[in-house]
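Step one of this worksheet: look at the structure below.
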Amino acid sequence: MLPFLFIVLSAARSVFAQGFAVNLLTGLSKITPAPIVQTEDWNGTEYRYNRIVFRPAQFKIEGAVLGVLCVYIVIWYLGKTQNYRRAMAWPVPPSLPSPIPTDISVQFSSPIPKSGTITQDGACDFFNYSTGRRGVRSLHTTVALLPRHDALSMIYDFGWTLYDLTYTPKDEISLNFTLQPTGSTPPFVWGIIKKDEMAQMRRSRWDLTFTKGSDSPLLPNDLCVFSEAADITESILKFSPSVPLVKVLQDSEVRKYFRSLIITDQPSERPLNGPIPLEDRTRHVILTLSSPSVSDAGVTLPIVNAAFALVDLLDAKLPLRPETKTKLKSRRDDVDDELKKESRKEKDEEQEESKRAAKRKAGEEKVSKLSASEQKKASCFQFLELLFRRLRLFPNFSLKKRSAKGLCENSKGRWSLGNNQ
């Protein structure tokens, strides 16, 4: 009996395999393109090698795809090379060999990584970490360039600029100085921003809400000062000859690449979990520039030197009036109280939502123990309760509360509408 079953199963498997193979070949034949017939009466260009015949006119689509791919590869290589040259040249003229600014190399004891070059992250992002200077905990230098290596991204950016006139992608260089917490100057928010960048900076930086914008007679008309108090601006611009900000920003060549200079002790984004603890707060000086071309790489050196001088001034003692110091402290106390209230309110809402979820779960467990008809009635009553609450018709209508027209539970544990007596 067993040999017979084995023969039958083997035959069935063979038939199934043959049928599957036939169906597979039939399906492939429907999607396989017809073979190319090489006719002998060909008048176009062709290349022969033994039995191999190549006729370029029969591969127009393949040639177009290959050409587009080659163009994309060339654009990728040229764009990547140009970004690399820009990042390595800033802000040192091409005649100098060092890829890191000479001023930064002199200012810090550890200005570059051990590899001796700026760190590259992709084809358009470069960064550098420097430490070992008086008054500065660290300096993060970030060079974010346009994706010149990606033709599709460049086309998208160009198209978006036609749709959104405020969108202006640029090559950006950012120097973020993290100051030592031992400085004698009280914390404040102050900055000089180019007017073309004001709207975008206002949207992206929460710390600028501490300040008010105004023009300064010492600065050109295309720059705006943001300050918490007037004497902060006077102390930095007027009574600090060691900080050549005014003289540097009067230069139109420097101003062509200048975007913003911000002194802040607050985060750029509004804290969501209450105020930041005092021991975790840090002061920053953030200089933002547009990346110059390789030939103009040394133009931005004066504003970088002015930023270092400003850091030294903040590490010393900036002369401020006592009422200004009181105003700065009071402003931060008010903001901390507001953030605490918001955080407490969010936590209370989360706890209330957790309680409501626990009540719903308990109600569902209680209803699940009832019979099918009683579960149907309970579901109907729950729907009416939710509907009345949304429409605010009967605010006292509830499965928990008992009212004259509310939902009651009789002694047998069944739900019903009736008088609460």
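Each chain of the structure tokens is named A, B, ... in the order shown, its residues numbered from 1; ligands are numbered from 1 in display order.
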Find the residues around Leu278 in chain A up to 12 Å (only C-alpha atoms counted), leave out those fewer than 6 positions away in its own chain, and share them as an mmCIF file with all heavy atoms, in the first residue's frame.
```
data_model
loop_
_atom_site.group_PDB
_atom_site.id
_atom_site.type_symbol
_atom_site.label_atom_id
_atom_site.label_comp_id
_atom_site.auth_asym_id
_atom_site.auth_seq_id
_atom_site.Cartn_x
_atom_site.Cartn_y
_atom_site.Cartn_z
ATOM 1 N N PRO A 181 31.130 79.981 32.165
ATOM 2 C CA PRO A 181 30.094 80.483 33.086
ATOM 3 C C PRO A 181 30.618 81.422 34.150
ATOM 4 O O PRO A 181 29.839 81.930 34.956
ATOM 5 C CB PRO A 181 29.560 79.190 33.722
ATOM 6 C CG PRO A 181 30.709 78.237 33.662
ATOM 7 C CD PRO A 181 31.468 78.572 32.402
ATOM 8 N N PRO A 187 23.869 87.912 32.256
ATOM 9 C CA PRO A 187 23.339 87.371 30.994
ATOM 10 C C PRO A 187 22.290 88.299 30.385
ATOM 11 O O PRO A 187 21.477 88.899 31.079
ATOM 12 C CB PRO A 187 22.721 86.034 31.417
ATOM 13 C CG PRO A 187 22.425 86.186 32.867
ATOM 14 C CD PRO A 187 23.477 87.095 33.424
ATOM 15 N N ASP A 265 21.733 84.116 26.218
ATOM 16 C CA ASP A 265 21.804 83.116 27.268
ATOM 17 C C ASP A 265 20.576 82.215 27.259
ATOM 18 O O ASP A 265 20.407 81.395 28.161
ATOM 19 C CB ASP A 265 21.927 83.787 28.641
ATOM 20 C CG ASP A 265 20.663 84.549 29.014
ATOM 21 O OD1 ASP A 265 20.152 85.311 28.161
ATOM 22 O OD2 ASP A 265 20.169 84.368 30.143
ATOM 23 N N GLN A 266 19.726 82.379 26.244
ATOM 24 C CA GLN A 266 18.489 81.617 26.135
ATOM 25 C C GLN A 266 18.563 80.674 24.930
ATOM 26 O O GLN A 266 19.292 80.941 23.978
ATOM 27 C CB GLN A 266 17.284 82.557 25.974
ATOM 28 C CG GLN A 266 17.102 83.528 27.128
ATOM 29 C CD GLN A 266 16.745 82.814 28.429
ATOM 30 O OE1 GLN A 266 16.024 81.820 28.416
ATOM 31 N NE2 GLN A 266 17.257 83.334 29.537
ATOM 32 N N ARG A 332 13.771 87.522 33.295
ATOM 33 C CA ARG A 332 13.999 86.086 33.271
ATOM 34 C C ARG A 332 13.179 85.364 34.319
ATOM 35 O O ARG A 332 12.710 84.239 34.091
ATOM 36 C CB ARG A 332 15.496 85.794 33.459
ATOM 37 C CG ARG A 332 16.269 85.919 32.160
ATOM 38 C CD ARG A 332 17.683 86.414 32.333
ATOM 39 N NE ARG A 332 18.303 86.590 31.014
ATOM 40 C CZ ARG A 332 18.028 87.612 30.194
ATOM 41 N NH1 ARG A 332 17.189 88.558 30.573
ATOM 42 N NH2 ARG A 332 18.613 87.687 29.013
ATOM 43 N N ASP A 333 12.971 85.998 35.472
ATOM 44 C CA ASP A 333 12.106 85.385 36.489
ATOM 45 C C ASP A 333 10.667 85.277 35.991
ATOM 46 O O ASP A 333 9.996 84.251 36.208
ATOM 47 C CB ASP A 333 12.153 86.210 37.783
ATOM 48 C CG ASP A 333 13.514 86.141 38.460
ATOM 49 O OD1 ASP A 333 14.278 85.194 38.165
ATOM 50 O OD2 ASP A 333 13.826 87.040 39.267
ATOM 51 N N ASP A 336 10.513 82.452 33.451
ATOM 52 C CA ASP A 336 10.593 81.153 34.124
ATOM 53 C C ASP A 336 9.263 80.792 34.770
ATOM 54 O O ASP A 336 8.820 79.632 34.702
ATOM 55 C CB ASP A 336 11.703 81.172 35.170
ATOM 56 C CG ASP A 336 13.093 81.212 34.545
ATOM 57 O OD1 ASP A 336 13.186 80.975 33.319
ATOM 58 O OD2 ASP A 336 14.066 81.485 35.266
#
```
Filtered DSSP result for range 101-290 of chain A, state strand (DSSP E or B), as JSON, numbers by chain: {"A": [110, 119, 120, 125, 126, 127, 128, 129, 130, 131, 133, 136, 137, 138, 139, 140, 141, 142, 143, 144, 172, 173, 174, 175, 176, 177, 178, 179, 190, 191, 192, 193, 194, 212, 213, 214, 223, 224, 225, 226, 227, 258, 259, 260, 261, 262, 263, 264, 284, 285, 286, 287, 288, 289, 290]}
CA of Glu323 in chain A to CA of Pro186 in chain A: how many Å, to one decimal?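 Answer for the CA of Glu323 in chain A to CA of Pro186 in chain A separation: 12.3 Å.
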Please provide the set of residues having any atom within 10 Å of Ala307 in chain A, restricted to only C-alpha atoms, with same-chain residues fewer than 2 positions apart removed, written as a ChimeraX atom specification. /A:175,177,243-245,261,285-287,301-305,309-313
Going by DSSP on the backbone, which bits of range 242-367 of chain A are helix (DSSP H, G or I)? Write them as an MDAnalysis selection string, please. chainID A and resid 245:249 252:255 278:280 297:315 322:367
Could you tell me how far CA of Ser184 in chain A lies from CA of Leu249 in chain A, in Å and to one decimal?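 Between these atoms lies a distance of 26.6 Å.
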Residue contacts of Pro292 in chain A (10 Å, only C-alpha atoms) excluding same-chain residues fewer than 5 positions away, as a ChimeraX atom specification: /A:86-87,89-91,171-173,254,256-257,297-300
Those residues you just picked out, can you put them in a file as a CSV table (one decimal), in the first residue's frame with all heavy atoms?
```
chain,number,residue,atom,x,y,z
A,86,ARG,N,35.4,75.6,-1.3
A,86,ARG,CA,34.8,76.7,-0.5
A,86,ARG,C,35.1,76.5,1.0
A,86,ARG,O,35.5,77.4,1.7
A,86,ARG,CB,33.3,76.9,-0.8
A,86,ARG,CG,33.0,77.7,-2.0
A,86,ARG,CD,31.5,77.8,-2.2
A,86,ARG,NE,31.1,78.7,-3.3
A,86,ARG,CZ,30.7,79.9,-3.1
A,86,ARG,NH1,30.6,80.4,-1.9
A,86,ARG,NH2,30.4,80.7,-4.1
A,87,ALA,N,34.8,75.3,1.5
A,87,ALA,CA,34.9,75.0,2.9
A,87,ALA,C,36.4,75.1,3.3
A,87,ALA,O,36.7,75.6,4.4
A,87,ALA,CB,34.3,73.7,3.2
A,89,ALA,N,38.8,76.8,1.9
A,89,ALA,CA,39.4,78.2,1.7
A,89,ALA,C,39.0,79.2,2.8
A,89,ALA,O,39.7,80.1,3.1
A,89,ALA,CB,39.1,78.7,0.4
A,90,TRP,N,37.8,79.0,3.4
A,90,TRP,CA,37.3,80.0,4.3
A,90,TRP,C,38.0,80.0,5.6
A,90,TRP,O,38.2,78.9,6.2
A,90,TRP,CB,35.8,79.8,4.6
A,90,TRP,CG,35.3,80.9,5.5
A,90,TRP,CD1,34.9,82.1,5.2
A,90,TRP,CD2,35.2,80.8,6.9
A,90,TRP,NE1,34.5,82.8,6.3
A,90,TRP,CE2,34.7,82.0,7.4
A,90,TRP,CE3,35.5,79.8,7.8
A,90,TRP,CZ2,34.5,82.3,8.7
A,90,TRP,CZ3,35.3,80.1,9.2
A,90,TRP,CH2,34.8,81.3,9.6
A,91,PRO,N,38.2,81.2,6.3
A,91,PRO,CA,38.3,82.5,5.6
A,91,PRO,C,39.7,82.8,5.3
A,91,PRO,O,40.1,83.9,5.4
A,91,PRO,CB,37.6,83.4,6.5
A,91,PRO,CG,38.1,82.9,7.9
A,91,PRO,CD,38.2,81.4,7.7
A,171,ASP,N,24.7,79.8,1.0
A,171,ASP,CA,25.8,79.2,1.7
A,171,ASP,C,26.0,79.9,3.1
A,171,ASP,O,26.1,81.1,3.1
A,171,ASP,CB,27.1,79.2,0.9
A,171,ASP,CG,27.0,78.5,-0.4
A,171,ASP,OD1,26.4,77.4,-0.4
A,171,ASP,OD2,27.5,78.9,-1.4
A,172,GLU,N,26.0,79.1,4.2
A,172,GLU,CA,26.0,79.7,5.5
A,172,GLU,C,27.2,79.2,6.3
A,172,GLU,O,27.6,78.0,6.3
A,172,GLU,CB,24.8,79.3,6.3
A,172,GLU,CG,24.7,79.9,7.6
A,172,GLU,CD,23.4,79.6,8.3
A,172,GLU,OE1,22.3,80.2,7.9
A,172,GLU,OE2,23.4,78.8,9.3
A,173,ILE,N,27.9,80.1,7.0
A,173,ILE,CA,28.9,79.8,8.0
A,173,ILE,C,28.5,80.3,9.3
A,173,ILE,O,28.1,81.5,9.5
A,173,ILE,CB,30.3,80.5,7.5
A,173,ILE,CG1,30.7,79.9,6.2
A,173,ILE,CG2,31.4,80.2,8.5
A,173,ILE,CD1,31.9,80.6,5.6
A,254,VAL,N,32.6,93.7,3.8
A,254,VAL,CA,32.3,92.8,4.9
A,254,VAL,C,30.8,92.6,5.1
A,254,VAL,O,30.3,91.5,5.3
A,254,VAL,CB,33.0,93.3,6.2
A,254,VAL,CG1,32.6,92.4,7.4
A,254,VAL,CG2,34.5,93.3,6.1
A,256,LYS,N,28.6,92.6,3.0
A,256,LYS,CA,28.0,91.8,1.9
A,256,LYS,C,27.8,90.4,2.3
A,256,LYS,O,26.9,89.7,1.9
A,256,LYS,CB,28.9,91.9,0.7
A,256,LYS,CG,28.3,91.2,-0.5
A,256,LYS,CD,29.1,91.5,-1.8
A,256,LYS,CE,30.6,91.1,-1.7
A,256,LYS,NZ,31.4,91.3,-2.9
A,257,TYR,N,28.7,89.9,3.2
A,257,TYR,CA,28.7,88.5,3.7
A,257,TYR,C,28.1,88.4,5.1
A,257,TYR,O,27.9,87.3,5.6
A,257,TYR,CB,30.0,87.9,3.6
A,257,TYR,CG,30.6,87.8,2.2
A,257,TYR,CD1,31.6,88.7,1.8
A,257,TYR,CD2,30.1,87.0,1.2
A,257,TYR,CE1,32.2,88.6,0.6
A,257,TYR,CE2,30.6,87.0,0.0
A,257,TYR,CZ,31.6,87.8,-0.4
A,257,TYR,OH,32.1,87.8,-1.7
A,297,ALA,N,37.8,84.8,0.1
A,297,ALA,CA,37.7,84.1,1.4
A,297,ALA,C,38.2,85.0,2.6
A,297,ALA,O,37.8,84.8,3.7
A,297,ALA,CB,38.5,82.8,1.3
A,298,GLY,N,39.2,85.8,2.3
A,298,GLY,CA,39.8,86.6,3.4
A,298,GLY,C,39.0,87.9,3.8
A,298,GLY,O,39.4,88.6,4.7
A,299,VAL,N,37.9,88.2,3.0
A,299,VAL,CA,37.2,89.4,3.3
A,299,VAL,C,36.5,89.3,4.7
A,299,VAL,O,36.3,90.4,5.4
A,299,VAL,CB,36.1,89.6,2.2
A,299,VAL,CG1,35.2,90.8,2.5
A,299,VAL,CG2,36.8,89.8,0.9
A,300,THR,N,36.1,88.2,5.2
A,300,THR,CA,35.4,88.0,6.4
A,300,THR,C,36.3,88.0,7.6
A,300,THR,O,35.8,87.8,8.8
A,300,THR,CB,34.5,86.8,6.4
A,300,THR,OG1,35.3,85.6,6.1
A,300,THR,CG2,33.4,86.9,5.3
```
Contacts of Leu223 in chain A at 10 Å or less, counting only C-alpha atoms, minus same-chain residues fewer than 3 places along, as a list in words?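 Counting only the stated atoms, we get Ile192, Ile193, Lys194, Lys195, Asp196, Glu197, Met198, Ser214, Asp215, Ser216, Leu219, Pro220, Leu249, Arg255, Phe258, Arg259 and Ser260 of chain A.
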Put those residues in a file: N, CA, C and O atoms, as a PDB file, in the first residue's frame.
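Output contents, as saved in out01.pdb:
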```pdb
ATOM      1  N   ILE A 192      22.948  92.069  16.364  1.00  0.00           N
ATOM      2  CA  ILE A 192      22.894  92.900  15.158  1.00  0.00           C
ATOM      3  C   ILE A 192      22.502  91.975  14.009  1.00  0.00           C
ATOM      4  O   ILE A 192      23.185  90.970  13.756  1.00  0.00           O
ATOM      5  N   ILE A 193      21.431  92.311  13.323  1.00  0.00           N
ATOM      6  CA  ILE A 193      20.893  91.442  12.276  1.00  0.00           C
ATOM      7  C   ILE A 193      20.680  92.267  11.019  1.00  0.00           C
ATOM      8  O   ILE A 193      20.207  93.412  11.085  1.00  0.00           O
ATOM      9  N   LYS A 194      21.025  91.688   9.904  1.00  0.00           N
ATOM     10  CA  LYS A 194      20.751  92.336   8.638  1.00  0.00           C
ATOM     11  C   LYS A 194      19.234  92.356   8.403  1.00  0.00           C
ATOM     12  O   LYS A 194      18.544  91.380   8.675  1.00  0.00           O
ATOM     13  N   LYS A 195      18.735  93.455   7.906  1.00  0.00           N
ATOM     14  CA  LYS A 195      17.285  93.603   7.778  1.00  0.00           C
ATOM     15  C   LYS A 195      16.676  92.589   6.821  1.00  0.00           C
ATOM     16  O   LYS A 195      15.506  92.246   6.958  1.00  0.00           O
ATOM     17  N   ASP A 196      17.456  92.102   5.867  1.00  0.00           N
ATOM     18  CA  ASP A 196      16.944  91.064   4.976  1.00  0.00           C
ATOM     19  C   ASP A 196      16.699  89.756   5.719  1.00  0.00           C
ATOM     20  O   ASP A 196      15.922  88.918   5.253  1.00  0.00           O
ATOM     21  N   GLU A 197      17.364  89.569   6.864  1.00  0.00           N
ATOM     22  CA  GLU A 197      17.247  88.333   7.625  1.00  0.00           C
ATOM     23  C   GLU A 197      16.313  88.460   8.830  1.00  0.00           C
ATOM     24  O   GLU A 197      16.126  87.477   9.552  1.00  0.00           O
ATOM     25  N   MET A 198      15.743  89.629   9.060  1.00  0.00           N
ATOM     26  CA  MET A 198      14.978  89.860  10.281  1.00  0.00           C
ATOM     27  C   MET A 198      13.766  88.942  10.395  1.00  0.00           C
ATOM     28  O   MET A 198      13.528  88.323  11.452  1.00  0.00           O
ATOM     29  N   SER A 214      15.604  98.080  16.788  1.00  0.00           N
ATOM     30  CA  SER A 214      15.697  99.525  16.552  1.00  0.00           C
ATOM     31  C   SER A 214      16.921  99.800  15.683  1.00  0.00           C
ATOM     32  O   SER A 214      17.864  98.998  15.635  1.00  0.00           O
ATOM     33  N   ASP A 215      16.893 100.925  15.002  1.00  0.00           N
ATOM     34  CA  ASP A 215      18.048 101.354  14.209  1.00  0.00           C
ATOM     35  C   ASP A 215      19.042 102.089  15.101  1.00  0.00           C
ATOM     36  O   ASP A 215      18.677 102.689  16.116  1.00  0.00           O
ATOM     37  N   SER A 216      20.295 102.022  14.700  1.00  0.00           N
ATOM     38  CA  SER A 216      21.348 102.708  15.440  1.00  0.00           C
ATOM     39  C   SER A 216      22.045 103.692  14.514  1.00  0.00           C
ATOM     40  O   SER A 216      22.383 103.339  13.371  1.00  0.00           O
ATOM     41  N   LEU A 219      25.413 102.484  12.946  1.00  0.00           N
ATOM     42  CA  LEU A 219      25.471 101.387  11.997  1.00  0.00           C
ATOM     43  C   LEU A 219      24.802 101.777  10.689  1.00  0.00           C
ATOM     44  O   LEU A 219      23.970 102.684  10.653  1.00  0.00           O
ATOM     45  N   PRO A 220      25.119 101.098   9.598  1.00  0.00           N
ATOM     46  CA  PRO A 220      24.466 101.385   8.320  1.00  0.00           C
ATOM     47  C   PRO A 220      22.967 101.105   8.373  1.00  0.00           C
ATOM     48  O   PRO A 220      22.466 100.424   9.281  1.00  0.00           O
ATOM     49  N   LEU A 249      31.707  96.847  10.481  1.00  0.00           N
ATOM     50  CA  LEU A 249      30.422  96.780   9.790  1.00  0.00           C
ATOM     51  C   LEU A 249      30.181  97.973   8.878  1.00  0.00           C
ATOM     52  O   LEU A 249      29.222  97.960   8.098  1.00  0.00           O
ATOM     53  N   ARG A 255      30.116  93.680   4.977  1.00  0.00           N
ATOM     54  CA  ARG A 255      28.669  93.646   5.184  1.00  0.00           C
ATOM     55  C   ARG A 255      27.952  92.814   4.112  1.00  0.00           C
ATOM     56  O   ARG A 255      26.835  92.344   4.317  1.00  0.00           O
ATOM     57  N   PHE A 258      27.924  89.505   5.803  1.00  0.00           N
ATOM     58  CA  PHE A 258      27.444  89.469   7.182  1.00  0.00           C
ATOM     59  C   PHE A 258      25.940  89.212   7.205  1.00  0.00           C
ATOM     60  O   PHE A 258      25.178  89.771   6.409  1.00  0.00           O
ATOM     61  N   ARG A 259      25.491  88.364   8.172  1.00  0.00           N
ATOM     62  CA  ARG A 259      24.067  88.073   8.324  1.00  0.00           C
ATOM     63  C   ARG A 259      23.579  88.425   9.732  1.00  0.00           C
ATOM     64  O   ARG A 259      22.581  89.107   9.884  1.00  0.00           O
ATOM     65  N   SER A 260      24.268  87.972  10.761  1.00  0.00           N
ATOM     66  CA  SER A 260      23.822  88.288  12.120  1.00  0.00           C
ATOM     67  C   SER A 260      24.952  88.031  13.107  1.00  0.00           C
ATOM     68  O   SER A 260      25.857  87.217  12.857  1.00  0.00           O
TER      69      SER A 260
END
```
Applying 9 Å and only C-alpha atoms, which residues near Ala229 in chain A remain after dropping the ones on its own chain fewer than 6 positions away? List them as a list in words.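 The contact residues come out as Trp190, Thr211, Lys212, Thr324, Lys327 and Leu328 of chain A.
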Test item: residues at most 9 Å from Thr81 in chain A, only C-alpha atoms, excluding those fewer than 4 positions along its chain, as JSON, numbers by chain: {"A": [76, 77, 85, 86, 123, 149]}
Go ahead and save the picked residues with N, CA, C and O atoms, as an mmCIF file, in the first residue's frame.
```cif
data_model
loop_
_atom_site.group_PDB
_atom_site.id
_atom_site.type_symbol
_atom_site.label_atom_id
_atom_site.label_comp_id
_atom_site.auth_asym_id
_atom_site.auth_seq_id
_atom_site.Cartn_x
_atom_site.Cartn_y
_atom_site.Cartn_z
ATOM 1 N N TRP A 76 27.555 66.153 -10.208
ATOM 2 C CA TRP A 76 27.848 65.728 -8.830
ATOM 3 C C TRP A 76 29.318 65.948 -8.491
ATOM 4 O O TRP A 76 29.641 66.475 -7.422
ATOM 5 N N TYR A 77 30.199 65.582 -9.399
ATOM 6 C CA TYR A 77 31.634 65.727 -9.129
ATOM 7 C C TYR A 77 32.029 67.197 -9.041
ATOM 8 O O TYR A 77 32.752 67.608 -8.115
ATOM 9 N N ARG A 85 36.241 73.058 -1.961
ATOM 10 C CA ARG A 85 37.175 74.184 -2.081
ATOM 11 C C ARG A 85 36.689 75.375 -1.271
ATOM 12 O O ARG A 85 37.487 76.064 -0.608
ATOM 13 N N ARG A 86 35.370 75.636 -1.289
ATOM 14 C CA ARG A 86 34.831 76.747 -0.500
ATOM 15 C C ARG A 86 35.060 76.523 0.989
ATOM 16 O O ARG A 86 35.465 77.436 1.719
ATOM 17 N N ALA A 123 28.572 65.946 1.247
ATOM 18 C CA ALA A 123 29.163 66.774 0.210
ATOM 19 C C ALA A 123 28.968 68.260 0.428
ATOM 20 O O ALA A 123 29.578 69.071 -0.273
ATOM 21 N N HIS A 149 26.097 69.430 -5.540
ATOM 22 C CA HIS A 149 26.335 68.109 -6.112
ATOM 23 C C HIS A 149 25.039 67.410 -6.519
ATOM 24 O O HIS A 149 25.071 66.412 -7.235
#
```
